[in-house]
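As provided, model-v6.tsv (TSV, C-alpha atoms) reads as follows.
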chain	number	residue	atom	x	y	z
A	123	MET	CA	-62.40	-65.96	26.93
A	124	VAL	CA	-59.85	-63.14	26.72
A	125	LEU	CA	-57.34	-65.22	28.64
A	126	ALA	CA	-57.81	-68.21	26.36
A	127	ILE	CA	-57.40	-66.12	23.21
A	128	SER	CA	-54.28	-64.45	24.54
A	129	LEU	CA	-52.66	-67.79	25.24
A	130	CYS	CA	-53.66	-69.33	21.93
A	131	LEU	CA	-51.99	-66.44	20.13
A	132	SER	CA	-48.75	-67.10	22.01
A	133	PRO	CA	-47.23	-70.27	20.51
A	134	GLY	CA	-44.31	-70.21	22.94
A	135	VAL	CA	-46.59	-70.92	25.88
A	136	ALA	CA	-46.81	-74.62	25.15
A	137	ARG	CA	-43.05	-74.93	25.68
A	138	ALA	CA	-43.47	-74.27	29.38
A	139	GLU	CA	-41.62	-77.39	30.55
A	140	ARG	CA	-43.62	-79.60	28.15
A	141	VAL	CA	-46.81	-78.75	29.97
A	142	SER	CA	-49.76	-78.85	27.62
A	143	GLN	CA	-51.43	-75.62	26.70
A	144	ALA	CA	-54.62	-76.74	28.47
A	145	VAL	CA	-52.77	-77.42	31.72
A	146	PHE	CA	-50.88	-74.13	31.47
A	147	LEU	CA	-54.09	-72.24	30.70
A	148	SER	CA	-55.89	-73.80	33.65
A	149	ALA	CA	-53.04	-73.10	36.08
A	150	VAL	CA	-52.57	-69.51	34.95
A	151	GLY	CA	-56.30	-68.85	34.93
A	152	ASP	CA	-56.65	-70.11	38.50
A	153	MET	CA	-53.65	-68.08	39.59
A	154	VAL	CA	-54.89	-64.80	38.11
A	155	ALA	CA	-58.35	-65.37	39.61
A	156	GLU	CA	-56.79	-66.08	43.01
A	157	TRP	CA	-54.79	-62.86	42.76
A	158	ALA	CA	-57.85	-60.71	42.01
A	159	PRO	CA	-58.42	-59.48	45.61
A	160	ARG	CA	-54.69	-58.94	46.15
A	161	SER	CA	-54.46	-57.09	42.82
A	162	ALA	CA	-57.36	-54.82	43.77
A	163	HIS	CA	-55.66	-54.03	47.06
A	164	GLY	CA	-52.36	-53.35	45.26
A	165	ALA	CA	-54.03	-51.01	42.77
A	166	ALA	CA	-55.73	-49.05	45.56
A	167	ALA	CA	-52.48	-48.80	47.53
A	168	ILE	CA	-50.56	-47.58	44.48
A	169	ARG	CA	-53.12	-44.84	43.89
A	170	GLU	CA	-53.09	-43.79	47.53
A	171	GLU	CA	-49.31	-43.75	47.89
A	172	TYR	CA	-48.20	-42.24	44.58
A	173	ARG	CA	-51.05	-40.00	43.36
A	174	PRO	CA	-49.83	-36.96	45.37
A	175	TYR	CA	-46.49	-37.11	43.52
A	176	LEU	CA	-47.78	-37.54	39.98
A	177	ALA	CA	-47.37	-33.90	38.93
A	178	PRO	CA	-43.74	-33.39	40.03
A	179	LEU	CA	-42.49	-36.86	39.08
A	180	ALA	CA	-44.23	-37.85	35.83
A	181	LEU	CA	-42.16	-38.00	32.65
A	182	GLY	CA	-44.22	-36.11	30.10
A	183	THR	CA	-42.30	-36.74	26.88
A	184	PHE	CA	-39.48	-38.79	25.45
A	185	ASP	CA	-37.16	-35.83	26.04
A	186	ASP	CA	-37.82	-36.18	29.78
A	187	ILE	CA	-36.61	-39.78	29.64
A	188	GLU	CA	-33.48	-38.69	27.80
A	189	LYS	CA	-32.82	-35.95	30.35
A	190	GLY	CA	-33.31	-38.42	33.17
A	191	LEU	CA	-30.80	-40.82	31.67
A	192	ALA	CA	-28.32	-37.98	31.15
A	193	THR	CA	-28.54	-36.68	34.71
A	194	GLY	CA	-28.95	-39.92	36.68
A	195	GLY	CA	-32.61	-39.65	37.60
A	196	LEU	CA	-33.14	-42.74	35.45
A	197	VAL	CA	-30.65	-45.56	35.10
A	198	PRO	CA	-30.40	-48.17	32.33
A	199	PHE	CA	-30.87	-51.82	33.11
A	200	PRO	CA	-27.47	-53.57	33.01
A	201	GLN	CA	-26.65	-54.77	29.51
A	202	ASP	CA	-25.68	-58.23	30.76
A	203	SER	CA	-29.22	-58.76	32.04
A	204	GLU	CA	-29.01	-62.57	32.04
A	205	ARG	CA	-26.29	-62.33	34.68
A	206	PHE	CA	-29.04	-60.96	36.93
A	207	ASN	CA	-31.53	-63.71	35.99
A	208	VAL	CA	-33.54	-61.30	33.81
A	209	LEU	CA	-34.54	-61.42	30.14
A	210	ILE	CA	-35.57	-58.17	28.44
A	211	ARG	CA	-38.25	-58.67	25.79
A	212	ARG	CA	-36.83	-56.69	22.88
A	213	GLU	CA	-38.73	-58.45	20.08
A	214	GLY	CA	-41.69	-60.69	19.46
A	215	THR	CA	-45.16	-60.01	20.90
A	216	ASN	CA	-45.49	-56.77	22.89
A	217	PRO	CA	-41.78	-55.95	23.26
A	218	ILE	CA	-40.51	-53.05	25.32
A	219	ALA	CA	-41.07	-49.74	23.46
A	220	GLU	CA	-43.22	-51.48	20.83
A	221	LYS	CA	-44.57	-48.06	19.77
A	222	ASP	CA	-41.12	-46.46	19.62
A	223	LEU	CA	-38.74	-49.25	18.64
A	224	PRO	CA	-36.06	-46.94	17.15
A	225	HIS	CA	-35.50	-45.61	20.69
A	226	GLN	CA	-35.97	-48.92	22.48
A	227	ASP	CA	-32.72	-48.70	24.45
A	228	SER	CA	-33.94	-45.56	26.23
A	229	TYR	CA	-37.00	-47.43	27.51
A	230	VAL	CA	-34.91	-50.22	29.05
A	231	ALA	CA	-34.48	-48.04	32.13
A	232	ALA	CA	-36.21	-46.83	35.28
A	233	ARG	CA	-35.50	-45.15	38.61
A	234	ALA	CA	-32.54	-46.71	40.42
A	235	ALA	CA	-34.84	-47.99	43.17
A	236	THR	CA	-37.09	-49.66	40.57
A	237	ILE	CA	-34.17	-51.46	38.96
A	238	GLY	CA	-32.94	-52.47	42.40
A	239	CYS	CA	-36.37	-53.88	43.21
A	240	LEU	CA	-36.42	-55.85	39.96
A	241	LEU	CA	-32.96	-57.26	40.66
A	242	ASP	CA	-34.07	-58.28	44.14
A	243	VAL	CA	-37.12	-60.11	42.77
A	244	ALA	CA	-35.05	-61.88	40.10
A	245	SER	CA	-32.42	-62.95	42.65
A	246	ARG	CA	-35.04	-64.95	44.54
A	247	ILE	CA	-36.16	-67.00	41.52
A	248	LYS	CA	-34.24	-70.27	41.28
A	249	SER	CA	-36.06	-72.12	38.48
A	250	GLY	CA	-35.08	-69.82	35.63
A	251	PRO	CA	-34.90	-66.21	34.44
A	252	ILE	CA	-37.88	-63.87	34.49
A	253	GLU	CA	-38.88	-61.89	31.41
A	254	VAL	CA	-39.53	-58.14	31.64
A	255	THR	CA	-41.90	-56.60	29.11
A	256	SER	CA	-42.06	-53.00	30.30
A	257	LEU	CA	-40.06	-50.50	32.33
A	258	VAL	CA	-40.16	-46.71	32.01
A	259	ARG	CA	-42.58	-44.90	29.69
A	260	HIS	CA	-43.59	-41.27	29.25
A	261	LEU	CA	-47.10	-39.88	29.41
A	262	GLU	CA	-47.46	-39.39	25.66
A	263	TYR	CA	-46.50	-43.04	25.15
A	264	GLN	CA	-48.92	-44.07	27.87
A	265	HIS	CA	-51.77	-42.29	26.10
A	266	GLU	CA	-50.95	-44.13	22.86
A	267	LEU	CA	-51.31	-47.46	24.67
A	268	VAL	CA	-54.84	-46.76	25.86
A	269	GLY	CA	-56.38	-48.00	22.61
A	270	THR	CA	-54.74	-51.44	22.84
A	271	ASN	CA	-54.11	-51.93	26.55
A	272	ALA	CA	-56.94	-51.33	29.01
A	273	ASN	CA	-54.47	-51.37	31.90
A	274	ALA	CA	-52.82	-48.25	30.47
A	275	THR	CA	-55.92	-46.30	31.51
A	276	THR	CA	-54.98	-45.26	35.02
A	277	ASP	CA	-54.87	-42.02	36.97
A	278	VAL	CA	-51.49	-42.98	38.46
A	279	PRO	CA	-49.31	-44.25	35.56
A	280	THR	CA	-46.42	-45.65	37.58
A	281	HIS	CA	-44.49	-46.57	34.41
A	282	ALA	CA	-44.45	-42.84	33.57
A	283	LEU	CA	-43.04	-42.20	37.05
A	284	GLY	CA	-40.23	-44.66	36.36
A	285	LEU	CA	-41.48	-46.72	39.31
A	286	ALA	CA	-42.88	-49.90	37.74
A	287	PHE	CA	-41.89	-52.97	35.80
A	288	ASP	CA	-43.93	-55.77	34.22
A	289	ILE	CA	-42.91	-59.44	34.43
A	290	ALA	CA	-44.34	-61.76	31.80
A	291	ILE	CA	-46.51	-64.73	32.71
A	292	VAL	CA	-46.83	-66.14	29.18
A	293	ASN	CA	-43.82	-67.70	27.43
A	294	THR	CA	-42.44	-68.60	30.84
A	295	PRO	CA	-42.13	-72.15	32.22
A	296	LEU	CA	-45.02	-72.97	34.51
A	297	ARG	CA	-42.81	-73.83	37.47
A	298	THR	CA	-41.11	-70.42	37.13
A	299	VAL	CA	-44.50	-68.69	36.99
A	300	LEU	CA	-45.63	-70.48	40.14
A	301	GLU	CA	-42.36	-69.75	41.91
A	302	LEU	CA	-42.60	-66.12	40.82
A	303	GLN	CA	-46.07	-65.71	42.27
A	304	ASP	CA	-44.88	-67.17	45.59
A	305	VAL	CA	-41.94	-64.74	45.70
A	306	LEU	CA	-44.14	-61.76	44.84
A	307	ARG	CA	-46.69	-62.78	47.48
A	308	GLN	CA	-44.00	-63.06	50.14
A	309	MET	CA	-42.46	-59.70	49.22
A	310	SER	CA	-45.88	-58.07	49.14
A	311	GLU	CA	-46.75	-59.40	52.58
A	312	ALA	CA	-43.37	-58.22	53.87
A	313	GLY	CA	-44.20	-54.67	52.79
A	314	ASP	CA	-41.55	-54.53	50.06
A	315	ILE	CA	-43.67	-54.22	46.92
A	316	LEU	CA	-47.15	-53.63	45.51
A	317	VAL	CA	-48.35	-56.08	42.84
A	318	ILE	CA	-51.15	-56.29	40.29
A	319	ALA	CA	-51.71	-59.46	38.26
A	320	GLU	CA	-53.00	-58.07	34.96
A	321	ARG	CA	-55.50	-60.40	33.30
A	322	GLU	CA	-55.49	-58.67	29.89
A	323	GLN	CA	-51.73	-58.56	29.36
A	324	LEU	CA	-50.88	-61.58	31.51
A	325	VAL	CA	-48.09	-59.87	33.42
A	326	PHE	CA	-47.28	-59.07	37.03
A	327	HIS	CA	-47.17	-55.29	37.38
A	328	VAL	CA	-44.75	-54.54	40.25
A	329	VAL	CA	-44.13	-51.25	42.06
A	330	PRO	CA	-41.73	-50.85	45.02
A	331	GLN	CA	-43.29	-49.67	48.26
A	332	ALA	CA	-42.49	-46.00	48.87
A	333	SER	CA	-40.97	-46.91	52.24
A	334	ARG	CA	-38.48	-49.19	50.45
A	335	LEU	CA	-37.20	-46.72	47.85
A	336	GLY	CA	-34.02	-45.90	49.74
A	337	TRP	CA	-33.32	-49.56	50.34
A	338	TYR	CA	-33.81	-50.54	46.71
A	339	ALA	CA	-31.65	-47.66	45.46
A	340	ASP	CA	-28.90	-49.13	47.63
A	341	VAL	CA	-29.62	-52.61	46.21
A	342	TYR	CA	-29.08	-51.22	42.71
A	343	ALA	CA	-25.75	-49.65	43.67
A	344	ARG	CA	-24.59	-52.86	45.32
A	345	ALA	CA	-25.69	-55.06	42.41
A	346	ILE	CA	-23.87	-52.92	39.86
A	347	ASN	CA	-20.72	-53.27	41.97
A	348	ALA	CA	-21.22	-57.04	42.33
A	349	GLU	CA	-21.84	-56.72	46.08
A	350	PRO	CA	-24.43	-58.70	48.09
A	351	TRP	CA	-27.38	-56.83	49.53
A	352	GLY	CA	-29.17	-59.11	52.01
A	353	ARG	CA	-32.77	-58.31	52.99
A	354	PRO	CA	-34.45	-55.04	54.05
A	355	VAL	CA	-34.95	-54.37	57.74
A	356	ASP	CA	-37.68	-52.05	58.97
A	357	ASP	CA	-36.17	-48.84	60.35
A	358	ASP	CA	-37.23	-48.36	63.97
A	359	ARG	CA	-35.37	-45.10	64.53
A	360	PHE	CA	-38.69	-43.29	64.88
A	361	SER	CA	-40.21	-45.36	67.65
A	362	PHE	CA	-41.46	-43.63	70.78
A	363	SER	CA	-39.07	-45.50	73.09
A	364	THR	CA	-36.67	-43.46	75.24
A	365	PRO	CA	-33.79	-42.29	73.04
A	366	THR	CA	-30.17	-42.85	73.98
A	367	VAL	CA	-27.03	-41.11	72.79
A	368	THR	CA	-23.86	-42.88	71.80
A	369	ALA	CA	-20.90	-40.48	71.57
A	370	THR	CA	-17.22	-40.64	70.73
A	371	ILE	CA	-15.22	-37.90	72.51
A	372	GLY	CA	-12.89	-36.08	70.16
A	373	ALA	CA	-11.71	-33.32	72.53
A	374	LEU	CA	-12.01	-32.21	76.15
A	375	GLN	CA	-11.79	-28.73	77.68
A	376	PRO	CA	-11.54	-28.03	81.44
A	377	MET	CA	-13.99	-25.85	83.31
A	378	PRO	CA	-12.61	-22.31	83.98
A	379	ALA	CA	-12.07	-23.03	87.71
A	380	TRP	CA	-9.73	-25.92	86.88
A	381	ALA	CA	-8.10	-24.57	83.75
A	382	ALA	CA	-4.84	-23.40	85.37
A	383	GLU	CA	-4.25	-26.70	87.18
A	384	TRP	CA	-5.19	-28.64	84.07
A	385	TRP	CA	-2.75	-26.89	81.76
A	386	ALA	CA	0.00	-26.88	84.39
A	387	ALA	CA	-0.15	-30.64	84.39
A	388	TYR	CA	-0.25	-30.84	80.57
A	389	ASN	CA	1.61	-33.93	79.35
A	390	VAL	CA	2.59	-34.94	82.89
A	391	PRO	CA	2.25	-38.72	83.10
A	392	VAL	CA	-0.07	-39.99	85.80
A	393	ASP	CA	-1.07	-43.44	86.94
A	394	LEU	CA	-4.46	-42.40	88.24
A	395	PRO	CA	-7.56	-43.46	86.34
A	396	VAL	CA	-9.74	-40.68	85.03
A	397	ALA	CA	-13.53	-40.89	85.26
A	398	VAL	CA	-15.64	-38.69	83.07
A	399	HIS	CA	-19.36	-38.14	83.50
A	400	VAL	CA	-21.94	-35.72	82.18
A	401	ASP	CA	-24.40	-33.96	84.45
A	402	ILE	CA	-27.64	-32.96	82.81
A	403	ASP	CA	-29.49	-30.32	84.78
A	404	ASP	CA	-32.62	-30.40	82.64
A	405	PRO	CA	-34.36	-33.45	81.26
A	406	LEU	CA	-34.02	-34.12	77.58
A	407	VAL	CA	-36.88	-32.47	75.70
A	408	ILE	CA	-37.91	-33.90	72.37
A	409	ASP	CA	-40.45	-32.29	70.13
A	410	PRO	CA	-43.01	-35.01	69.30
A	411	ALA	CA	-43.47	-33.47	65.87
A	412	ALA	CA	-39.78	-33.98	65.18
A	413	THR	CA	-39.81	-37.63	66.15
A	414	TYR	CA	-43.11	-38.77	64.72
A	415	PRO	CA	-42.61	-41.76	62.42
A	416	VAL	CA	-41.70	-40.43	58.98
A	417	SER	CA	-42.95	-42.57	56.12
A	418	GLY	CA	-41.14	-42.98	52.85
A	419	PHE	CA	-43.95	-41.02	51.24
A	420	ALA	CA	-42.85	-37.78	52.91
A	421	LEU	CA	-39.39	-38.20	51.38
A	422	LEU	CA	-40.64	-39.27	47.96
A	423	SER	CA	-40.79	-35.86	46.31
A	424	GLU	CA	-37.16	-35.28	47.30
A	425	LEU	CA	-35.99	-38.79	46.46
A	426	LEU	CA	-37.58	-38.71	43.02
A	427	SER	CA	-38.00	-35.01	42.20
A	428	ASN	CA	-37.71	-33.80	38.65
A	429	THR	CA	-34.38	-32.24	39.55
A	430	TRP	CA	-33.16	-35.85	39.24
A	431	ARG	CA	-31.31	-35.70	42.55
A	432	TRP	CA	-31.49	-38.60	45.00
A	433	LEU	CA	-31.03	-38.23	48.71
A	434	SER	CA	-28.77	-40.81	50.30
A	435	PRO	CA	-30.59	-43.11	52.75
A	436	LEU	CA	-27.86	-42.11	55.23
A	437	ASN	CA	-28.48	-38.39	54.85
A	438	LEU	CA	-32.09	-38.00	55.88
A	439	GLY	CA	-31.54	-34.80	57.83
A	440	TYR	CA	-33.42	-35.73	61.00
A	441	PRO	CA	-32.97	-33.12	63.75
A	442	ALA	CA	-30.86	-34.15	66.75
A	443	GLN	CA	-31.84	-32.18	69.85
A	444	THR	CA	-29.82	-32.07	73.07
A	445	ALA	CA	-30.55	-30.41	76.40
A	446	TRP	CA	-26.93	-29.56	77.21
A	447	PRO	CA	-24.70	-26.86	75.62
A	448	VAL	CA	-22.06	-27.85	73.09
A	449	THR	CA	-18.79	-25.90	73.21
A	450	PRO	CA	-16.33	-25.48	70.33
A	451	ALA	CA	-14.00	-27.88	72.11
A	452	THR	CA	-16.53	-30.64	71.76
A	453	SER	CA	-17.49	-29.80	68.20
A	454	SER	CA	-15.69	-32.91	66.97
A	455	THR	CA	-17.90	-35.14	69.06
A	456	ILE	CA	-19.76	-37.53	66.86
A	457	ALA	CA	-23.23	-38.24	68.17
A	458	ARG	CA	-25.79	-40.66	66.85
A	459	LEU	CA	-29.40	-40.80	67.94
A	460	ALA	CA	-30.67	-44.32	68.31
A	461	SER	CA	-33.98	-45.55	69.59

As structure tokens, please, write out the structure in this file.
Amino acid sequence: MVLAISLCLSPGVARAERVSQAVFLSAVGDMVAEWAPRSAHGAAAIREEYRPYLAPLALGTFDDIEKGLATGGLVPFPQDSERFNVLIRREGTNPIAEKDLPHQDSYVAARAATIGCLLDVASRIKSGPIEVTSLVRHLEYQHELVGTNANATTDVPTHALGLAFDIAIVNTPLRTVLELQDVLRQMSEAGDILVIAEREQLVFHVVPQASRLGWYADVYARAINAEPWGRPVDDDRFSFSTPTVTATIGALQPMPAWAAEWWAAYNVPVDLPVAVHVDIDDPLVIDPAATYPVSGFALLSELLSNTWRWLSPLNLGYPAQTAWPVTPATSSTIARLAS
């Protein structure tokens, strides 16, 4: 009954590619019912993954949103949103920042990874733009919504973390809605996102997987610079396979016993090939604790801390341990651990 009333109060629904309201209602009702188990799983996963970081990451007041925008912890959605196949609901029923419309522009924002995730979703939809009805909120705003939106009652308000966006189901052509659900299902099964199909508000509530935050922050940077971004690839650097070292030699220094002969022949041309090898007296020892697979969750508090500083995905700070001594002469050697 709630679903039917919601649709009847939305006159734009019937325009969904000339599909009758009854057909649209039936299709959407079946879809939301089908998503119920997946939505329950998504809600549980969101609580499990993000609850530990609620205290340090939540935006308590509107001032926190403003500070985030000023320091880069939050980023605005690009003004030319339609270029990215996205419509921002700024007016009409349930627009963004409906309870704080004078400051609406500040709410059309989120963490860089969240915006990157949204852009990735939108890029996969071919039948038309998707409409976004909510991005970042603060906790005080979230509490105001409780009276009118049952979904706002949650112990992990991901909108107040800047980590969620809502995509409208109503007022969207039916073929776009069906294509959208297929895209979200595929991305969910690939481990990219967590999704809840909200029956009351008739939106898809989308949160990026914690393990994809670095990837989606890079997607945002690439999209803003009009660069392609491809698809995420699971990082296998933390597997338990035998590690190898790839090195580029920047300098060589002779052993003391050969130093005099070496420098005496400095710059003397020779036609003999030179073979270089490394003898390792002791086997490579790797601390299992240092190489245990690190999830994105362990990096989350640093990636999204309330200092508003993001760590680059290329600067994760993993320890590189070697069993042989490194002399100043080889300090320019560039080594990369790969599994």

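Atom CA of A:Thr215 lies 26.7 Å from atom CA of A:Ala180.
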
Checklist entry - Could you work out how far atom CA of A:Ala177 lies from atom CA of A:Glu311, giving the answer in Å with one decimal? => result 28.9 Å

Checklist outcome for this item: If you count all atoms listed in the file, the residue of A:Ala219, A:Val317, A:Leu267, A:Ala244 closest to A:Phe206 turns out to be A:Ala244

Write out as an mmCIF file with C-alpha atoms, keeping the file's coordinate frame the residues lying within 10 Å of A:Tyr172, counting all atoms listed in the file and excluding same-chain residues fewer than 3 positions away.
data_model
loop_
_atom_site.group_PDB
_atom_site.id
_atom_site.type_symbol
_atom_site.label_atom_id
_atom_site.label_comp_id
_atom_site.auth_asym_id
_atom_site.auth_seq_id
_atom_site.Cartn_x
_atom_site.Cartn_y
_atom_site.Cartn_z
ATOM 1 C CA ALA A 167 -52.480 -48.800 47.530
ATOM 2 C CA ILE A 168 -50.560 -47.580 44.480
ATOM 3 C CA ARG A 169 -53.120 -44.840 43.890
ATOM 4 C CA TYR A 175 -46.490 -37.110 43.520
ATOM 5 C CA LEU A 176 -47.780 -37.540 39.980
ATOM 6 C CA LEU A 179 -42.490 -36.860 39.080
ATOM 7 C CA VAL A 278 -51.490 -42.980 38.460
ATOM 8 C CA PRO A 279 -49.310 -44.250 35.560
ATOM 9 C CA THR A 280 -46.420 -45.650 37.580
ATOM 10 C CA LEU A 283 -43.040 -42.200 37.050
ATOM 11 C CA LEU A 285 -41.480 -46.720 39.310
ATOM 12 C CA GLN A 331 -43.290 -49.670 48.260
ATOM 13 C CA ALA A 332 -42.490 -46.000 48.870
ATOM 14 C CA PHE A 419 -43.950 -41.020 51.240
ATOM 15 C CA LEU A 422 -40.640 -39.270 47.960
ATOM 16 C CA SER A 423 -40.790 -35.860 46.310
#

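Shortest separation to A:Val141 among A:Val243, A:Ala162, A:Val328, A:Leu296 occurs at residue A:Leu296, atoms counted being all atoms listed in the file.
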
Next on the checklist: Using only C-alpha atoms, which protein or nucleic acid residues come within 12 Å of A:Asp340? Drop anything in the same chain fewer than 5 positions from it, and give the result as a list in words.
Outcome noted: Arg233, Ala234, Ala235, Thr236, Ile237, Gly238, Cys239, Leu241, Asp242, Arg334, Leu335, Ala345, Ile346, Asn347, Glu349, Pro350, Trp351, Gly352, Arg353, Pro354, Trp432, Leu433, Ser434, Pro435 and Leu436 of chain A

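The interatomic distance for the pair atom CA of A:Gly151 and atom CA of A:Gln308 works out to 20.4 Å.
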
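Each of A:Glu188, A:Asp227, A:Asp314, A:Asp304 was checked against A:Leu257 using only C-alpha atoms; the smallest atom-to-atom distance is that of A:Asp227.
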
Next on the checklist: Need the shell around stretch 318-320 of chain A: protein/DNA/RNA residues with any atom at most 6 Å away, counting all atoms listed in the file. Skip same-chain ones fewer than 5 positions apart. Format as a ChimeraX atom specification?
Outcome noted: /A:161,164,325-327

Build an axis-aligned box that encloses every atom of stretch 170-184 of chain A listed in the file, pad it by 6 Å on each side, and report its centre and edge lengths in Å to one decimal, as JSON.
{"center_x": -46.3, "center_y": -38.6, "center_z": 36.7, "size_x": 25.6, "size_y": 22.4, "size_z": 34.4}

Within 9 Å of stretch 298-303 of chain A, which residues of stretch 161-280 of chain A show up? Give each one with its shortest atom-to-atom distance in Å (one decimal) and the two atoms involved, counting only C-alpha atoms, rows by chain then rising residue number, as CSV.
residue,atom,partner,partner_atom,distance
A:Val243,CA,A:Leu302,CA,8.4
A:Ala244,CA,A:Leu302,CA,8.7
A:Arg246,CA,A:Leu302,CA,8.5
A:Ile247,CA,A:Leu302,CA,6.5
A:Lys248,CA,A:Thr298,CA,8.0
A:Ser249,CA,A:Thr298,CA,5.5
A:Gly250,CA,A:Thr298,CA,6.2
A:Pro251,CA,A:Thr298,CA,8.0
A:Ile252,CA,A:Thr298,CA,7.8

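Nearest-residue note for A:Tyr338: choosing from A:Leu240, A:Pro376, A:Asp202, A:Ala282, the minimum distance belongs to A:Leu240, counting all atoms listed in the file.
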
Item to check | Shell around stretch 212-214 of chain A at 10 Å using all atoms listed in the file, local window under 5 positions removed, as an MDAnalysis selection string | outcome: chainID A and resid 132 219:220 223 226:227 230 254:256

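If all atoms listed in the file are the atoms counted, then among A:Leu196, A:Ala386, A:His265, A:Asp277 the closest residue to A:Glu170 is A:Asp277.
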
Repair of stretch 139-156 of chain A at the level of N, CA and C atoms, as an mmCIF file, keeping the file's coordinate frame:
data_model
loop_
_atom_site.group_PDB
_atom_site.id
_atom_site.type_symbol
_atom_site.label_atom_id
_atom_site.label_comp_id
_atom_site.auth_asym_id
_atom_site.auth_seq_id
_atom_site.Cartn_x
_atom_site.Cartn_y
_atom_site.Cartn_z
ATOM 1 N N GLU A 139 -42.007 -76.117 29.945
ATOM 2 C CA GLU A 139 -41.620 -77.390 30.550
ATOM 3 C C GLU A 139 -42.513 -78.537 30.075
ATOM 4 N N ARG A 140 -42.843 -78.537 28.771
ATOM 5 C CA ARG A 140 -43.620 -79.600 28.150
ATOM 6 C C ARG A 140 -45.015 -79.757 28.760
ATOM 7 N N VAL A 141 -45.455 -78.742 29.444
ATOM 8 C CA VAL A 141 -46.810 -78.750 29.970
ATOM 9 C C VAL A 141 -47.746 -78.404 28.834
ATOM 10 N N SER A 142 -48.824 -79.126 28.707
ATOM 11 C CA SER A 142 -49.760 -78.850 27.620
ATOM 12 C C SER A 142 -50.371 -77.473 27.784
ATOM 13 N N GLN A 143 -50.837 -76.947 26.672
ATOM 14 C CA GLN A 143 -51.430 -75.620 26.700
ATOM 15 C C GLN A 143 -52.658 -75.595 27.619
ATOM 16 N N ALA A 144 -53.418 -76.684 27.626
ATOM 17 C CA ALA A 144 -54.620 -76.740 28.470
ATOM 18 C C ALA A 144 -54.250 -76.677 29.948
ATOM 19 N N VAL A 145 -53.204 -77.425 30.324
ATOM 20 C CA VAL A 145 -52.770 -77.420 31.720
ATOM 21 C C VAL A 145 -52.236 -76.046 32.107
ATOM 22 N N PHE A 146 -51.431 -75.452 31.201
ATOM 23 C CA PHE A 146 -50.880 -74.130 31.470
ATOM 24 C C PHE A 146 -52.001 -73.107 31.600
ATOM 25 N N LEU A 147 -52.965 -73.171 30.678
ATOM 26 C CA LEU A 147 -54.090 -72.240 30.700
ATOM 27 C C LEU A 147 -54.878 -72.355 31.997
ATOM 28 N N SER A 148 -55.130 -73.586 32.426
ATOM 29 C CA SER A 148 -55.890 -73.800 33.650
ATOM 30 C C SER A 148 -55.140 -73.251 34.861
ATOM 31 N N ALA A 149 -53.833 -73.543 34.932
ATOM 32 C CA ALA A 149 -53.040 -73.100 36.080
ATOM 33 C C ALA A 149 -52.944 -71.580 36.133
ATOM 34 N N VAL A 150 -52.694 -70.963 34.994
ATOM 35 C CA VAL A 150 -52.570 -69.510 34.950
ATOM 36 C C VAL A 150 -53.915 -68.847 35.228
ATOM 37 N N GLY A 151 -54.982 -69.406 34.682
ATOM 38 C CA GLY A 151 -56.300 -68.850 34.930
ATOM 39 C C GLY A 151 -56.660 -68.877 36.409
ATOM 40 N N ASP A 152 -56.379 -70.008 37.063
ATOM 41 C CA ASP A 152 -56.650 -70.110 38.500
ATOM 42 C C ASP A 152 -55.799 -69.121 39.296
ATOM 43 N N MET A 153 -54.555 -68.969 38.865
ATOM 44 C CA MET A 153 -53.650 -68.080 39.590
ATOM 45 C C MET A 153 -54.106 -66.623 39.491
ATOM 46 N N VAL A 154 -54.454 -66.176 38.292
ATOM 47 C CA VAL A 154 -54.890 -64.800 38.110
ATOM 48 C C VAL A 154 -56.181 -64.541 38.883
ATOM 49 N N ALA A 155 -57.099 -65.530 38.862
ATOM 50 C CA ALA A 155 -58.350 -65.370 39.610
ATOM 51 C C ALA A 155 -58.069 -65.289 41.110
ATOM 52 N N GLU A 156 -57.141 -66.104 41.594
ATOM 53 C CA GLU A 156 -56.790 -66.080 43.010
ATOM 54 C C GLU A 156 -56.173 -64.746 43.408
#
